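Listing of work-v8.csv, CSV, C-alpha atoms
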chain,number,residue,atom,x,y,z
A,56,MET,CA,1.5,38.6,18.4
A,57,SER,CA,-0.7,41.6,17.6
A,58,LYS,CA,-4.0,39.8,17.1
A,59,GLN,CA,-5.6,37.9,20.0
A,60,TYR,CA,-7.5,34.7,19.4
A,61,THR,CA,-10.1,33.5,21.9
A,62,ALA,CA,-12.9,31.0,22.1
A,63,SER,CA,-15.2,33.7,20.5
A,64,ASN,CA,-12.5,34.8,18.0
A,65,THR,CA,-10.7,31.6,17.0
A,66,LEU,CA,-7.8,31.1,14.7
A,67,LYS,CA,-9.2,28.9,12.0
A,68,ILE,CA,-7.0,26.0,10.7
A,69,GLY,CA,-8.1,24.5,7.3
A,70,THR,CA,-7.4,20.9,6.5
A,71,ARG,CA,-8.6,17.8,4.6
A,72,GLY,CA,-10.7,15.4,6.6
A,73,SER,CA,-8.6,12.2,6.4
A,74,PRO,CA,-7.4,10.7,9.7
A,75,LEU,CA,-3.8,11.6,8.8
A,76,ALA,CA,-4.7,15.2,7.8
A,77,LEU,CA,-6.5,15.7,11.1
A,78,VAL,CA,-3.5,14.4,13.0
A,79,GLN,CA,-1.3,16.9,11.1
A,80,ALA,CA,-3.8,19.8,11.9
A,81,ARG,CA,-3.8,18.8,15.6
A,82,GLU,CA,0.0,18.8,15.6
A,83,THR,CA,0.0,22.3,14.2
A,84,GLN,CA,-2.7,23.3,16.8
A,85,ALA,CA,-0.6,21.9,19.7
A,86,LEU,CA,2.6,23.6,18.5
A,87,LEU,CA,0.8,27.0,18.3
A,88,MET,CA,-0.7,26.5,21.7
A,89,ALA,CA,2.7,25.8,23.3
A,90,ALA,CA,4.5,28.6,21.5
A,91,HIS,CA,1.9,31.3,22.4
A,92,ASP,CA,0.3,29.9,25.6
A,93,MET,CA,-3.0,29.7,23.9
A,94,PRO,CA,-6.0,27.7,25.1
A,95,GLU,CA,-7.2,24.9,22.9
A,96,ASP,CA,-10.6,26.6,22.2
A,97,ALA,CA,-8.8,29.6,20.7
A,98,LEU,CA,-7.8,27.4,17.7
A,99,GLU,CA,-10.5,25.8,15.5
A,100,ILE,CA,-9.9,23.0,13.0
A,101,ARG,CA,-12.1,23.3,9.9
A,102,VAL,CA,-12.4,20.3,7.6
A,103,ILE,CA,-12.7,21.2,3.9
A,104,GLN,CA,-13.5,18.5,1.3
A,105,THR,CA,-11.1,18.5,-1.7
A,106,THR,CA,-11.5,17.1,-5.2
A,107,GLY,CA,-8.9,14.4,-4.4
A,108,ASP,CA,-11.0,13.2,-1.5
A,109,ALA,CA,-14.3,13.4,-3.3
A,110,ILE,CA,-13.2,11.3,-6.4
A,111,GLN,CA,-11.9,7.9,-5.3
A,112,ASP,CA,-12.7,5.8,-8.4
A,113,ARG,CA,-10.0,7.2,-10.8
A,114,PRO,CA,-6.2,7.6,-10.7
A,115,LEU,CA,-5.1,11.1,-9.6
A,116,SER,CA,-3.3,11.6,-13.0
A,117,GLU,CA,-6.7,11.4,-14.7
A,118,ILE,CA,-8.4,14.1,-12.7
A,119,GLY,CA,-5.9,16.9,-12.6
A,120,GLY,CA,-2.6,16.0,-11.1
A,121,LYS,CA,-1.1,18.1,-8.2
A,122,GLY,CA,-3.4,20.5,-6.3
A,123,LEU,CA,-6.3,18.0,-6.0
A,124,PHE,CA,-5.9,17.9,-2.2
A,125,THR,CA,-5.3,21.6,-1.8
A,126,LYS,CA,-7.1,23.9,-4.2
A,127,GLU,CA,-10.4,24.0,-2.2
A,128,ILE,CA,-8.5,24.7,1.0
A,129,GLN,CA,-6.6,27.5,-0.7
A,130,ALA,CA,-9.8,29.1,-2.0
A,131,GLU,CA,-11.1,29.2,1.6
A,132,LEU,CA,-7.8,30.8,2.7
A,133,LEU,CA,-7.9,33.4,0.0
A,134,CYS,CA,-11.5,34.5,0.9
A,135,GLY,CA,-10.7,34.7,4.6
A,136,GLU,CA,-12.8,31.7,5.8
A,137,ILE,CA,-9.7,30.2,7.4
A,138,ASP,CA,-6.5,31.8,8.7
A,139,ILE,CA,-4.0,29.1,7.8
A,140,ALA,CA,-4.0,25.9,5.8
A,141,VAL,CA,-2.2,22.7,6.8
A,142,HIS,CA,-1.0,20.4,4.0
A,143,SER,CA,1.1,17.4,3.4
A,144,MET,CA,3.9,19.2,1.5
A,145,LYS,CA,4.1,16.6,-1.2
A,146,ASP,CA,0.5,17.4,-2.2
A,147,VAL,CA,1.2,21.1,-2.8
A,148,ALA,CA,1.7,22.2,-6.4
A,149,ASN,CA,4.8,24.2,-7.2
A,150,VAL,CA,2.9,27.3,-8.3
A,151,LEU,CA,0.7,28.7,-5.6
A,152,PRO,CA,-2.3,30.9,-6.1
A,153,ASP,CA,-1.5,34.6,-6.1
A,154,GLY,CA,-1.5,36.0,-2.5
A,155,LEU,CA,-0.5,32.8,-0.7
A,156,VAL,CA,2.8,31.6,0.6
A,157,LEU,CA,4.1,28.4,2.3
A,158,SER,CA,5.7,30.2,5.2
A,159,THR,CA,6.2,27.4,7.6
A,160,VAL,CA,7.4,23.8,7.6
A,161,LEU,CA,7.1,21.6,10.8
A,162,PRO,CA,9.8,19.2,11.9
A,163,ARG,CA,10.0,16.6,9.2
A,164,GLU,CA,9.3,12.9,9.9
A,165,ASP,CA,10.9,9.8,8.4
A,166,VAL,CA,11.1,10.3,4.6
A,167,ARG,CA,11.2,6.6,3.6
A,168,ASP,CA,8.5,4.5,2.0
A,169,ALA,CA,7.3,1.5,3.8
A,170,PHE,CA,6.5,-1.9,2.3
A,171,ILE,CA,3.1,-3.2,3.6
A,172,SER,CA,1.9,-6.7,3.3
A,173,VAL,CA,0.1,-9.3,5.4
A,174,LYS,CA,2.0,-12.1,3.7
A,175,TYR,CA,5.6,-10.8,3.0
A,176,ASN,CA,8.2,-8.6,4.6
A,177,SER,CA,9.9,-7.0,1.6
A,178,ILE,CA,9.9,-6.5,-2.1
A,179,ASP,CA,12.4,-9.3,-2.5
A,180,GLU,CA,10.1,-11.7,-0.8
A,181,LEU,CA,7.2,-11.1,-3.3
A,182,PRO,CA,6.8,-14.2,-5.5
A,183,PHE,CA,6.9,-14.0,-9.3
A,184,GLY,CA,3.8,-12.3,-10.7
A,185,ALA,CA,2.5,-11.0,-7.3
A,186,THR,CA,0.0,-8.1,-7.3
A,187,VAL,CA,1.1,-4.8,-5.8
A,188,GLY,CA,-1.4,-1.9,-5.3
A,189,SER,CA,-0.3,1.7,-5.5
A,190,SER,CA,-1.8,5.0,-6.8
A,191,SER,CA,1.7,6.6,-7.0
A,192,LEU,CA,3.2,6.8,-10.5
A,193,ARG,CA,6.6,7.2,-8.8
A,194,ARG,CA,6.3,4.0,-6.8
A,195,ARG,CA,4.8,2.1,-9.7
A,196,ALA,CA,7.7,3.2,-12.0
A,197,GLN,CA,10.3,2.4,-9.5
A,198,LEU,CA,8.8,-1.0,-8.8
A,199,ALA,CA,8.4,-1.8,-12.5
A,200,ALA,CA,12.2,-1.1,-12.9
A,201,MET,CA,13.1,-3.4,-10.1
A,202,ARG,CA,10.6,-6.1,-10.6
A,203,PRO,CA,9.0,-6.1,-14.1
A,204,ASP,CA,7.3,-9.4,-13.3
A,205,LEU,CA,4.9,-7.9,-10.8
A,206,LYS,CA,1.3,-7.0,-11.6
A,207,LEU,CA,0.6,-3.4,-10.6
A,208,VAL,CA,-2.9,-2.3,-9.8
A,209,GLU,CA,-4.5,1.1,-8.9
A,210,PHE,CA,-4.8,1.4,-5.1
A,211,ARG,CA,-6.4,4.7,-3.8
A,212,GLY,CA,-7.8,5.7,-0.5
A,213,ASN,CA,-6.5,6.7,3.0
A,214,VAL,CA,-4.3,4.4,5.1
A,215,GLN,CA,-7.2,2.6,6.6
A,216,THR,CA,-8.8,1.9,3.2
A,217,ARG,CA,-5.6,0.5,1.7
A,218,LEU,CA,-5.0,-1.8,4.7
A,219,ARG,CA,-8.6,-3.1,4.3
A,220,LYS,CA,-7.9,-3.8,0.6
A,221,LEU,CA,-4.9,-5.8,1.6
A,222,ASP,CA,-6.9,-7.8,4.1
A,223,GLU,CA,-9.5,-8.5,1.4
A,224,GLY,CA,-6.8,-9.8,-1.0
A,225,VAL,CA,-7.1,-7.1,-3.6
A,226,ALA,CA,-3.3,-7.0,-3.6
A,227,ASP,CA,-0.4,-8.9,-2.0
A,228,ALA,CA,1.4,-5.7,-1.0
A,229,THR,CA,1.3,-1.9,-1.1
A,230,PHE,CA,3.4,1.0,-0.1
A,231,LEU,CA,2.8,3.8,2.4
A,232,ALA,CA,4.9,6.7,3.7
A,233,CYS,CA,6.6,5.9,6.9
A,234,ALA,CA,5.8,9.4,8.2
A,235,GLY,CA,2.1,8.8,7.9
A,236,LEU,CA,2.3,5.5,9.7
A,237,GLN,CA,4.3,7.1,12.5
A,238,ARG,CA,1.8,10.0,12.9
A,239,LEU,CA,-1.2,7.6,12.9
A,240,GLY,CA,0.5,5.3,15.5
A,241,ARG,CA,0.6,2.3,13.0
A,242,TRP,CA,4.4,1.9,12.9
A,243,GLU,CA,4.1,-1.8,13.8
A,244,ILE,CA,3.0,-2.6,10.2
A,245,ALA,CA,5.8,-0.8,8.5
A,246,ASN,CA,8.8,-2.4,6.8
A,247,PRO,CA,10.9,0.7,5.9
A,248,ILE,CA,12.7,0.7,2.6
A,249,SER,CA,16.0,2.4,2.3
A,250,VAL,CA,16.3,5.6,0.2
A,251,GLU,CA,19.0,3.9,-1.7
A,252,GLN,CA,16.5,1.2,-2.9
A,253,ILE,CA,13.5,3.5,-3.4
A,254,LEU,CA,13.9,7.3,-3.5
A,255,PRO,CA,11.0,9.0,-1.8
A,256,ALA,CA,8.7,11.7,-3.3
A,257,VAL,CA,9.8,15.3,-3.1
A,258,ALA,CA,8.9,16.7,0.4
A,259,GLN,CA,7.7,13.4,1.7
A,260,GLY,CA,7.2,13.5,5.5
A,261,ALA,CA,7.0,17.3,5.6
A,262,ILE,CA,3.9,19.3,6.9
A,263,ALA,CA,3.5,22.7,5.3
A,264,ILE,CA,1.5,25.6,6.6
A,265,GLU,CA,0.2,28.1,4.1
A,266,GLN,CA,-1.0,31.6,4.8
A,267,ARG,CA,-1.9,34.9,3.1
A,268,ILE,CA,1.2,36.8,2.1
A,269,ASP,CA,0.0,40.1,3.6
A,270,ASP,CA,-1.1,38.7,7.0
A,271,GLU,CA,1.7,39.9,9.2
A,272,SER,CA,-0.1,38.8,12.4
A,273,ILE,CA,-0.2,35.2,11.2
A,274,SER,CA,3.4,35.4,10.0
A,275,ALA,CA,4.5,36.5,13.5
A,276,MET,CA,2.5,33.7,15.0
A,277,LEU,CA,3.9,31.0,12.8
A,278,ALA,CA,7.5,32.0,13.0
A,279,PRO,CA,8.4,30.2,16.2
A,280,ILE,CA,7.1,26.8,15.0
A,281,ASN,CA,8.9,26.9,11.7
A,282,HIS,CA,11.7,24.2,11.5
A,283,ALA,CA,14.5,25.8,9.5
A,284,GLU,CA,16.3,22.6,8.6
A,285,SER,CA,13.2,20.9,7.3
A,286,LYS,CA,12.2,24.0,5.3
A,287,LEU,CA,15.7,24.3,3.8
A,288,ARG,CA,15.7,20.6,2.7
A,289,VAL,CA,12.2,20.9,1.2
A,290,SER,CA,13.2,24.1,-0.7
A,291,ALA,CA,15.9,22.2,-2.6
A,292,GLU,CA,13.5,19.4,-3.4
A,293,ARG,CA,10.8,21.7,-4.6
A,294,ALA,CA,13.3,23.6,-6.7
A,295,PHE,CA,14.2,20.3,-8.4
A,296,LEU,CA,10.6,19.5,-9.0
A,297,ARG,CA,9.9,23.0,-10.3
A,298,VAL,CA,12.5,22.7,-13.0
A,299,LEU,CA,11.1,19.3,-14.1
A,300,ASP,CA,7.5,20.7,-14.0
A,301,GLY,CA,6.6,17.7,-11.9
A,302,SER,CA,3.0,16.6,-11.6
A,303,CYS,CA,1.1,13.5,-10.8
A,304,ARG,CA,1.8,12.4,-14.4
A,305,THR,CA,5.6,12.4,-13.8
A,306,PRO,CA,7.5,9.8,-11.8
A,307,ILE,CA,10.1,11.8,-9.9
A,308,GLY,CA,12.0,11.2,-6.7
A,309,GLY,CA,14.0,13.7,-4.7
A,310,LEU,CA,15.7,14.0,-1.3
A,311,ALA,CA,17.9,16.6,0.3
A,312,LEU,CA,20.0,15.8,3.3
A,313,LEU,CA,22.0,18.2,5.5
A,314,ASP,CA,25.3,17.5,7.2
A,315,GLY,CA,26.2,20.7,9.0
A,316,ASP,CA,26.5,23.5,6.5
A,317,LYS,CA,26.7,21.0,3.5
A,318,LEU,CA,23.8,19.7,1.5
A,319,GLU,CA,23.5,16.4,-0.4
A,320,PHE,CA,20.8,16.1,-3.0
A,321,ARG,CA,19.6,12.9,-4.6
A,322,GLY,CA,17.3,13.1,-7.6
A,323,GLU,CA,15.7,10.6,-10.0
A,324,ILE,CA,13.3,10.7,-13.0
A,325,LEU,CA,11.7,7.7,-14.6
A,326,ARG,CA,9.5,6.7,-17.5
A,327,PRO,CA,6.1,5.5,-16.1
A,328,ASP,CA,6.8,1.9,-17.2
A,329,GLY,CA,10.2,2.0,-15.5
A,330,SER,CA,12.0,1.4,-18.8
A,331,ARG,CA,14.4,4.4,-18.4
A,332,ILE,CA,15.8,5.9,-15.3
A,333,PHE,CA,18.2,8.9,-14.9
A,334,ASN,CA,19.5,9.8,-11.4
A,335,GLY,CA,22.4,11.3,-9.6
A,336,VAL,CA,23.8,12.9,-6.4
A,337,TRP,CA,24.8,16.5,-6.1
A,338,HIS,CA,26.6,18.3,-3.3
A,339,GLY,CA,27.0,21.9,-2.2
A,340,ASP,CA,26.6,24.5,0.5
A,341,ALA,CA,23.3,24.4,2.4
A,342,SER,CA,23.0,28.2,1.7
A,343,ASP,CA,22.6,27.3,-2.0
A,344,ALA,CA,19.9,24.7,-1.4
A,345,GLU,CA,17.5,25.9,-4.0
A,346,ALA,CA,20.2,26.4,-6.6
A,347,ILE,CA,21.5,22.8,-6.0
A,348,GLY,CA,18.0,21.4,-6.5
A,349,ALA,CA,17.4,23.4,-9.6
A,350,ALA,CA,20.8,22.4,-11.1
A,351,ALA,CA,20.0,18.7,-10.4
A,352,GLY,CA,16.7,19.2,-12.2
A,353,GLU,CA,18.3,20.8,-15.2
A,354,GLU,CA,20.9,18.1,-15.5
A,355,LEU,CA,18.4,15.3,-15.4
A,356,LYS,CA,16.1,17.1,-17.8
A,357,ALA,CA,19.0,17.4,-20.3
A,358,ARG,CA,20.0,13.7,-19.8
A,359,GLY,CA,16.4,12.6,-20.3
A,360,GLY,CA,16.1,14.6,-23.5
A,361,GLU,CA,13.2,16.1,-25.3
A,362,GLY,CA,10.0,14.0,-25.1
A,363,PHE,CA,11.1,12.1,-21.9
A,364,PHE,CA,8.0,13.2,-20.0
A,365,ASP,CA,5.6,12.9,-23.0

Would you mind writing the file's structure down as structure tokens?
Amino acid sequence: MSKQYTASNTLKIGTRGSPLALVQARETQALLMAAHDMPEDALEIRVIQTTGDAIQDRPLSEIGGKGLFTKEIQAELLCGEIDIAVHSMKDVANVLPDGLVLSTVLPREDVRDAFISVKYNSIDELPFGATVGSSSLRRRAQLAAMRPDLKLVEFRGNVQTRLRKLDEGVADATFLACAGLQRLGRWEIANPISVEQILPAVAQGAIAIEQRIDDESISAMLAPINHAESKLRVSAERAFLRVLDGSCRTPIGGLALLDGDKLEFRGEILRPDGSRIFNGVWHGDASDAEAIGAAAGEELKARGGEGFFD
């Protein structure tokens, strides 16, 4: 590591300010401290407010889609105000600003969605016409396909806000990512849903670290904490999303699994109302991860036909 960081010359870690984002930033901080025997005061966590955090009264699809939780952080990274940015990978747009790269993926957590309710234990237990809150177009479309009788309402906010809304009776149930609940120490409220029943979002459960492409010192520092298997899986999923031009206006699920040197990819596209679904499973060599994800995207795009995402 050519550049030395100290209490007077800290490595600056940019992040959102939500409780989950701060946990992820602290995880990154701890891994770097362990990898390079650095004192805690040599790494500074800087909270940056994003558009997605500032605007809470409208669905994400109405205010710009992907990038709402990253663009302000990326701007700070480009101008040198921070040295690295820590993101939930599923929030990161497929096309990055020039000069930036997602160089590092931390060990991935549980990819599944969790069913959350103070009254019921599963989707099947929900009574006819029950109200379910979710801000995710993917989850709403998947649920509409499974249970068209349910009433779906917009449900934004961090984990704590959504749990409060359940307690207040705004909805009978909601969904959260298992990974977030694990990282926040709230696993006791989770009812995990199998990936066969609900396919998760692309890159769900993965933490990404973004840096400036030309910063060789940072590249060397991050290399020891990169988790190769997680990065490989996510590369297939993001290649799938890239072909489909996925945004917050597009219900898409994707998951890559590794078994030795073989990769299995599951992909799904849906109409927002759940009326049409195209899905499949693809297999190949792990070394072809991105190609497998891209091929899956091309096949589903062709099966959906022109106008499917309009």

Closest atom pairs, range 106-203 of chain A residues within 8 Å of range 248-265 of chain A, all atoms listed in the file, as JSON lines:
{"residue": "A:Ile139", "atom": "CA", "partner": "A:Glu265", "partner_atom": "CA", "distance": 5.7}
{"residue": "A:Ala140", "atom": "CA", "partner": "A:Glu265", "partner_atom": "CA", "distance": 5.0}
{"residue": "A:Val141", "atom": "CA", "partner": "A:Ile264", "partner_atom": "CA", "distance": 4.7}
{"residue": "A:His142", "atom": "CA", "partner": "A:Ala263", "partner_atom": "CA", "distance": 5.2}
{"residue": "A:Ser143", "atom": "CA", "partner": "A:Ile262", "partner_atom": "CA", "distance": 4.9}
{"residue": "A:Met144", "atom": "CA", "partner": "A:Ala263", "partner_atom": "CA", "distance": 5.2}
{"residue": "A:Lys145", "atom": "CA", "partner": "A:Ala258", "partner_atom": "CA", "distance": 5.1}
{"residue": "A:Leu155", "atom": "CA", "partner": "A:Glu265", "partner_atom": "CA", "distance": 6.8}
{"residue": "A:Val156", "atom": "CA", "partner": "A:Glu265", "partner_atom": "CA", "distance": 5.6}
{"residue": "A:Leu157", "atom": "CA", "partner": "A:Glu265", "partner_atom": "CA", "distance": 4.3}
{"residue": "A:Ser158", "atom": "CA", "partner": "A:Glu265", "partner_atom": "CA", "distance": 6.0}
{"residue": "A:Thr159", "atom": "CA", "partner": "A:Ile264", "partner_atom": "CA", "distance": 5.1}
{"residue": "A:Val160", "atom": "CA", "partner": "A:Ala263", "partner_atom": "CA", "distance": 4.7}
{"residue": "A:Leu161", "atom": "CA", "partner": "A:Ile262", "partner_atom": "CA", "distance": 5.5}
{"residue": "A:Pro162", "atom": "CA", "partner": "A:Ala261", "partner_atom": "CA", "distance": 7.2}
{"residue": "A:Arg163", "atom": "CA", "partner": "A:Ala261", "partner_atom": "CA", "distance": 4.7}
{"residue": "A:Glu164", "atom": "CA", "partner": "A:Gly260", "partner_atom": "CA", "distance": 4.9}
{"residue": "A:Asp165", "atom": "CA", "partner": "A:Gly260", "partner_atom": "CA", "distance": 6.0}
{"residue": "A:Val166", "atom": "CA", "partner": "A:Gly260", "partner_atom": "CA", "distance": 5.1}
{"residue": "A:Arg167", "atom": "CA", "partner": "A:Pro255", "partner_atom": "CA", "distance": 5.9}
{"residue": "A:Asp168", "atom": "CA", "partner": "A:Ile248", "partner_atom": "CA", "distance": 5.7}
{"residue": "A:Ala169", "atom": "CA", "partner": "A:Ile248", "partner_atom": "CA", "distance": 5.6}
{"residue": "A:Phe170", "atom": "CA", "partner": "A:Ile248", "partner_atom": "CA", "distance": 6.7}
{"residue": "A:Arg193", "atom": "CA", "partner": "A:Ala256", "partner_atom": "CA", "distance": 7.4}
{"residue": "A:Arg194", "atom": "CA", "partner": "A:Ile253", "partner_atom": "CA", "distance": 8.0}
{"residue": "A:Gln197", "atom": "CA", "partner": "A:Ile253", "partner_atom": "CA", "distance": 7.0}

Just the selected residues (C-alpha atoms), exported as a PDB file, in the coordinates of the input, please.
ATOM      1  CA  ILE A 139      -4.000  29.100   7.800  1.00  0.00           C
ATOM      2  CA  ALA A 140      -4.000  25.900   5.800  1.00  0.00           C
ATOM      3  CA  VAL A 141      -2.200  22.700   6.800  1.00  0.00           C
ATOM      4  CA  HIS A 142      -1.000  20.400   4.000  1.00  0.00           C
ATOM      5  CA  SER A 143       1.100  17.400   3.400  1.00  0.00           C
ATOM      6  CA  MET A 144       3.900  19.200   1.500  1.00  0.00           C
ATOM      7  CA  LYS A 145       4.100  16.600  -1.200  1.00  0.00           C
ATOM      8  CA  LEU A 155      -0.500  32.800  -0.700  1.00  0.00           C
ATOM      9  CA  VAL A 156       2.800  31.600   0.600  1.00  0.00           C
ATOM     10  CA  LEU A 157       4.100  28.400   2.300  1.00  0.00           C
ATOM     11  CA  SER A 158       5.700  30.200   5.200  1.00  0.00           C
ATOM     12  CA  THR A 159       6.200  27.400   7.600  1.00  0.00           C
ATOM     13  CA  VAL A 160       7.400  23.800   7.600  1.00  0.00           C
ATOM     14  CA  LEU A 161       7.100  21.600  10.800  1.00  0.00           C
ATOM     15  CA  PRO A 162       9.800  19.200  11.900  1.00  0.00           C
ATOM     16  CA  ARG A 163      10.000  16.600   9.200  1.00  0.00           C
ATOM     17  CA  GLU A 164       9.300  12.900   9.900  1.00  0.00           C
ATOM     18  CA  ASP A 165      10.900   9.800   8.400  1.00  0.00           C
ATOM     19  CA  VAL A 166      11.100  10.300   4.600  1.00  0.00           C
ATOM     20  CA  ARG A 167      11.200   6.600   3.600  1.00  0.00           C
ATOM     21  CA  ASP A 168       8.500   4.500   2.000  1.00  0.00           C
ATOM     22  CA  ALA A 169       7.300   1.500   3.800  1.00  0.00           C
ATOM     23  CA  PHE A 170       6.500  -1.900   2.300  1.00  0.00           C
ATOM     24  CA  ARG A 193       6.600   7.200  -8.800  1.00  0.00           C
ATOM     25  CA  ARG A 194       6.300   4.000  -6.800  1.00  0.00           C
ATOM     26  CA  GLN A 197      10.300   2.400  -9.500  1.00  0.00           C
TER      27      GLN A 197
END

Local residues around (-0.3, -3.8, -6.0), at most 7 Å away, using all atoms listed in the file, as a ChimeraX atom specification:
/A:186-189,206-208,210,226-229

Please determine, counting all atoms listed in the file, which residue among A:Leu86, A:Ile273, A:Leu205, A:Leu181 has the shortest atom-to-atom distance to Ile137 in chain A.
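Using all atoms listed in the file, Ile137 in chain A sits closest to A:Ile273.
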
Any idea what the distance is between CA of Asn334 in chain A and CA of Lys356 in chain A?
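Calculated distance between CA of Asn334 in chain A and CA of Lys356 in chain A is 10.3 Å.
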
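Put simply, CA of Ile268 in chain A is 22.1 Å away from CA of Val102 in chain A.
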
With all atoms listed in the file as the atoms that count, which of A:Leu296, A:Ser342, A:Gly348, A:Ala76 lies nearest to Ala311 in chain A?
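Result for the nearest residue to Ala311 in chain A: A:Gly348.
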
Pick from A:Leu98, A:Ala90, A:Leu312, A:Ala357, whichever lies nearest to Asn64 in chain A using only C-alpha atoms
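Under the stated criterion, the closest residue is A:Leu98.
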
Using only C-alpha atoms, pick whichever of A:Leu299, A:Asp316, A:Arg358, A:Leu310 has the shortest atom-to-atom distance to Trp337 in chain A.
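Nearest candidate to Trp337 in chain A out of A:Leu299, A:Asp316, A:Arg358, A:Leu310: A:Leu310.
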
Could you list, as a short mmCIF file (atom, residue, chain, number, x, y, z; two decimals) with C-alpha atoms, keeping the file's coordinate frame, every residue within 9 Å of Arg293 in chain A, counting only C-alpha atoms and ignoring same-chain residues fewer than 2 positions away?
data_model
loop_
_atom_site.label_atom_id
_atom_site.label_comp_id
_atom_site.auth_asym_id
_atom_site.auth_seq_id
_atom_site.Cartn_x
_atom_site.Cartn_y
_atom_site.Cartn_z
CA ASN A 149 4.80 24.20 -7.20
CA VAL A 257 9.80 15.30 -3.10
CA ALA A 258 8.90 16.70 0.40
CA ARG A 288 15.70 20.60 2.70
CA VAL A 289 12.20 20.90 1.20
CA SER A 290 13.20 24.10 -0.70
CA ALA A 291 15.90 22.20 -2.60
CA PHE A 295 14.20 20.30 -8.40
CA LEU A 296 10.60 19.50 -9.00
CA ARG A 297 9.90 23.00 -10.30
CA VAL A 298 12.50 22.70 -13.00
CA GLY A 309 14.00 13.70 -4.70
CA GLU A 345 17.50 25.90 -4.00
CA GLY A 348 18.00 21.40 -6.50
CA ALA A 349 17.40 23.40 -9.60
#

Counting only C-alpha atoms, which residue out of A:Leu132, A:Leu239, A:Leu287, A:Val150 sits closest to Gln79 in chain A?
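For Gln79 in chain A, the nearest of the candidates is A:Leu239.
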
Smallest atom-to-atom distance to Asp314 in chain A: which of A:His338, A:Arg326, A:Thr216, A:Asp300, using all atoms listed in the file?
A:His338

I'd like the contact shell of Ser172 in chain A - 12 Å cut-off, only C-alpha atoms, skipping same-chain residues fewer than 3 positions apart - returned as a ChimeraX atom specification.
/A:169,175-178,180-181,185-188,217-231,243-247

Using only C-alpha atoms, which protein or nucleic acid residues come within 9 Å of Asp269 in chain A? Drop anything in the same chain fewer than 3 positions from it, and give the result as a list in words.
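The neighbour list is Gly154, Leu155, Gln266, Ser272 and Ser274 of chain A.
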
Can you measure CA of Glu361 in chain A to CA of Glu209 in chain A for me? One decimal in Å is fine.
28.4 Å
